[in-house]
Amino acid sequence: ENLWKSTDRGDNWTAISNWSPAPVRHIALAPSNSDHIYVSRTDFVRHSSTGGIPWTDISGGLPDLAVTSLAVHPLDPEVVYCTLSGFAANEKVYVSSDAGQTWTNISANLPNVPMNSIVFQPGSAGGVYVGSDMGVFYTDSTLSNWQPFGQGLPNVVVTELEINQTAGKLRAATYGRGLWESDLYAPSGLPPQALFVHGSAAICAGDAIVFNDASLEAAPGWDWQFPGGDPAVSSDPSPTVLYASPGTYSVSLTMSNPFGSDTHTAPVIVTVLP
């Protein structure tokens with residue numbers, strides 16, 4: 001009926017919507033800004049940039065078909081993808097770069113079957129995978145069309161896709177044939193571009209800051225440096241770091257692939273709240 005939020009691991013819940021009764025089907029939070037939330041029901045798709053009320057209806061540019069999944073870009077909270085069910089030709093995947101105010105049809109050469117799931121590939125050139133009733137397809141900014149991505153996968157309905165970034169694997173849940181995994185799409189000849197994002201640096205004493213890899217064209221393998229932080233180094237894709245006192249700290253991430261390596265260094269200004 002409505003969307004609810006907990007900030008204490010589920011002990012207490014607060015409604016962050018005031019809609020008429022109907023099931024909420026899909027929820028997607030922006031990894032780079034959790035105040036941006038996208039929600040779909042059978043009667044609408046809506047977006048909030050404030051972590052709740054008010055909500056904006058963003059259904060207008062989409063066809064009248066059931067939404068099957070939503071995915072938000074890992075770096076840009078206003079870039080959102082939407083997959084659709086049904087058998088309307090060329091009405092399969094839409095993308096918006098302005099938080100749903102306008103939508104662009106990127107169905108291109110996808111088959112006329114329901115699309116069931118969509119995920120971003122971190123560290124790629126805008127790579128996305130869709131799971132459909134005819135398997136998995138992939139595209140990115142270097143490709144003009146969708147490419148079948150089903151080598152070794154049975155000809156089966158794919159109901160859900162997830163990426164294990166640490167393992168460098170795409171995992172697919174199927175209808176009746178179990179769970180499958182594959183190596184991620186491999187870029188062709190491009191060196192990596194190291195990038196990272198982090199959560200709020202305005203923290204309470206004893207709290208930590210979460211850092212997330214957002215590199216492009218990189219192979220799995222993370223070399224983080226946190227001078228003055230705890231830990232001071234990490235090989236985790238999303239490390240959690242403690243800082244004992246406020247100040248400006250330098251953070252570095254080095255990424256590699258067979259075609260080169262790159263280091264991104266940026267200052268992080270840590271503020272300890274009273």
# chains A, B, ... in the order shown; residues from 1 in each chain; ligands from 1
call {"tool": "residues_around", "arguments": {"residues": "range 224-228 of chain A", "least_positions_apart": "4", "cutoff": "10 Å", "atoms": "only C-alpha atoms", "output": "list in words"}}
result
Phe211, Asp213, Ala232, Val233, Ser234, Ser235, Asp236, Pro237, Ser238, Pro239, Val241, Leu242, Tyr243, Ala244, Ser245, Gly247, Thr248, Tyr249, Ser250, Val251, Ser252, Leu253, Thr254, Met255, Thr263, His264 and Thr265 of chain A
call {"tool": "write_last_selection", "arguments": {"atoms": "C-alpha atoms", "output": "PDB file, in the first residue's frame"}}
result
ATOM      1  CA  PHE A 211      33.659   4.096   0.083  1.00  0.00           C
ATOM      2  CA  ASP A 213      34.458   1.700  -6.303  1.00  0.00           C
ATOM      3  CA  ALA A 232      44.886   2.357   6.272  1.00  0.00           C
ATOM      4  CA  VAL A 233      44.675  -0.008   3.273  1.00  0.00           C
ATOM      5  CA  SER A 234      41.957  -2.246   1.849  1.00  0.00           C
ATOM      6  CA  SER A 235      41.308  -4.649  -1.031  1.00  0.00           C
ATOM      7  CA  ASP A 236      37.523  -4.588  -0.593  1.00  0.00           C
ATOM      8  CA  PRO A 237      35.326  -3.059  -3.344  1.00  0.00           C
ATOM      9  CA  SER A 238      33.318  -1.143  -0.714  1.00  0.00           C
ATOM     10  CA  PRO A 239      35.493  -0.598   2.367  1.00  0.00           C
ATOM     11  CA  VAL A 241      36.784   3.390   7.140  1.00  0.00           C
ATOM     12  CA  LEU A 242      36.942   5.002  10.591  1.00  0.00           C
ATOM     13  CA  TYR A 243      38.525   8.417  11.193  1.00  0.00           C
ATOM     14  CA  ALA A 244      39.342   9.320  14.804  1.00  0.00           C
ATOM     15  CA  SER A 245      39.192  13.091  14.350  1.00  0.00           C
ATOM     16  CA  GLY A 247      40.114  16.959   9.121  1.00  0.00           C
ATOM     17  CA  THR A 248      41.001  16.615   5.455  1.00  0.00           C
ATOM     18  CA  TYR A 249      42.272  13.176   4.468  1.00  0.00           C
ATOM     19  CA  SER A 250      43.687  11.925   1.174  1.00  0.00           C
ATOM     20  CA  VAL A 251      42.149   8.761  -0.291  1.00  0.00           C
ATOM     21  CA  SER A 252      43.581   6.828  -3.250  1.00  0.00           C
ATOM     22  CA  LEU A 253      42.258   3.935  -5.334  1.00  0.00           C
ATOM     23  CA  THR A 254      44.411   2.089  -7.885  1.00  0.00           C
ATOM     24  CA  MET A 255      42.752  -0.171 -10.464  1.00  0.00           C
ATOM     25  CA  THR A 263      45.152   5.780  -9.661  1.00  0.00           C
ATOM     26  CA  HIS A 264      42.524   8.250  -8.498  1.00  0.00           C
ATOM     27  CA  THR A 265      43.344  10.399  -5.451  1.00  0.00           C
TER      28      THR A 265
END
call {"tool": "residues_around", "arguments": {"residues": "Leu3 in chain A", "least_positions_apart": "3", "cutoff": "6 Å", "atoms": "only C-alpha atoms", "output": "count of residues only"}}
result
3
call {"tool": "closest_atom_pairs", "arguments": {"of": "range 122-192 of chain A", "to": "range 89-99 of chain A", "cutoff": "12 Å", "atoms": "only C-alpha atoms", "output": "tab-separated table"}}
result
residue	atom	partner	partner_atom	distance
A:Val128	CA	A:Val93	CA	10.9
A:Tyr129	CA	A:Val93	CA	10.8
A:Val130	CA	A:Val93	CA	8.7
A:Gly131	CA	A:Lys92	CA	11.1
A:Ser132	CA	A:Lys92	CA	9.6
A:Asp133	CA	A:Lys92	CA	11.6
A:Phe137	CA	A:Val93	CA	11.5
A:Tyr138	CA	A:Val93	CA	11.9
A:Thr139	CA	A:Val93	CA	11.6
A:Trp146	CA	A:Val93	CA	10.9
call {"tool": "write_last_selection", "arguments": {"atoms": "N, CA and C atoms", "output": "mmCIF file, in the first residue's frame"}}
result
data_model
loop_
_atom_site.group_PDB
_atom_site.id
_atom_site.type_symbol
_atom_site.label_atom_id
_atom_site.label_comp_id
_atom_site.auth_asym_id
_atom_site.auth_seq_id
_atom_site.Cartn_x
_atom_site.Cartn_y
_atom_site.Cartn_z
ATOM 1 N N VAL A 128 25.052 -2.548 -19.250
ATOM 2 C CA VAL A 128 23.848 -3.062 -18.602
ATOM 3 C C VAL A 128 23.499 -4.425 -19.184
ATOM 4 N N TYR A 129 22.953 -5.277 -18.331
ATOM 5 C CA TYR A 129 22.453 -6.588 -18.726
ATOM 6 C C TYR A 129 20.951 -6.615 -18.496
ATOM 7 N N VAL A 130 20.214 -7.272 -19.398
ATOM 8 C CA VAL A 130 18.800 -7.532 -19.153
ATOM 9 C C VAL A 130 18.562 -9.035 -19.197
ATOM 10 N N GLY A 131 17.727 -9.507 -18.264
ATOM 11 C CA GLY A 131 17.270 -10.878 -18.285
ATOM 12 C C GLY A 131 15.873 -10.924 -18.868
ATOM 13 N N SER A 132 15.643 -11.831 -19.800
ATOM 14 C CA SER A 132 14.379 -11.871 -20.537
ATOM 15 C C SER A 132 13.831 -13.289 -20.577
ATOM 16 N N ASP A 133 12.681 -13.438 -21.234
ATOM 17 C CA ASP A 133 12.122 -14.774 -21.444
ATOM 18 C C ASP A 133 12.920 -15.571 -22.467
ATOM 19 N N PHE A 137 20.868 -10.414 -22.334
ATOM 20 C CA PHE A 137 21.426 -9.544 -23.369
ATOM 21 C C PHE A 137 22.230 -8.436 -22.690
ATOM 22 N N TYR A 138 23.241 -7.932 -23.432
ATOM 23 C CA TYR A 138 24.152 -6.914 -22.892
ATOM 24 C C TYR A 138 24.336 -5.789 -23.894
ATOM 25 N N THR A 139 24.486 -4.558 -23.381
ATOM 26 C CA THR A 139 24.910 -3.436 -24.215
ATOM 27 C C THR A 139 25.682 -2.445 -23.356
ATOM 28 N N TRP A 146 22.044 -4.436 -28.742
ATOM 29 C CA TRP A 146 22.150 -5.425 -27.673
ATOM 30 C C TRP A 146 22.814 -6.689 -28.221
#
call {"tool": "residues_around", "arguments": {"residues": "Phe259 in chain A", "least_positions_apart": "6", "cutoff": "8 Å", "atoms": "only C-alpha atoms", "output": "short mmCIF file (atom, residue, chain, number, x, y, z; two decimals) with C-alpha atoms, in the first residue's frame"}}
result
data_model
loop_
_atom_site.label_atom_id
_atom_site.label_comp_id
_atom_site.auth_asym_id
_atom_site.auth_seq_id
_atom_site.Cartn_x
_atom_site.Cartn_y
_atom_site.Cartn_z
CA GLY A 189 41.60 -3.02 -25.21
CA LEU A 190 40.74 -0.08 -22.95
CA PRO A 191 42.83 0.85 -19.88
CA PRO A 192 40.96 1.45 -16.62
#
call {"tool": "residues_around", "arguments": {"residues": "range 167-176 of chain A", "least_positions_apart": "6", "cutoff": "9 Å", "atoms": "only C-alpha atoms", "output": "ChimeraX atom specification"}}
result
/A:121,129,131,135-136,156-161,182-185,219-220
call {"tool": "select_by_dssp", "arguments": {"residues": "range 7-213 of chain A", "states": "strand (DSSP E or B)", "output": "JSON, numbers by chain"}}
result
{"A": [14, 15, 24, 25, 26, 27, 28, 29, 30, 33, 34, 35, 36, 37, 38, 39, 40, 41, 45, 46, 47, 48, 56, 57, 67, 68, 69, 70, 71, 72, 80, 81, 82, 83, 84, 93, 94, 95, 96, 104, 105, 115, 116, 117, 118, 119, 120, 128, 129, 130, 131, 132, 135, 136, 137, 138, 139, 147, 148, 158, 159, 160, 161, 162, 163, 164, 169, 170, 171, 172, 173, 174, 179, 180, 181, 182, 183, 193, 196, 197, 198, 202, 203, 204, 208, 209, 210, 211, 212, 213]}
call {"tool": "atom_distance", "arguments": {"atom1": "CA of Ala88 in chain A", "atom2": "CA of Leu110 in chain A"}}
result
11.5 Å
call {"tool": "atom_distance", "arguments": {"atom1": "CA of Gly100 in chain A", "atom2": "CA of Ile27 in chain A"}}
result
14.3 Å
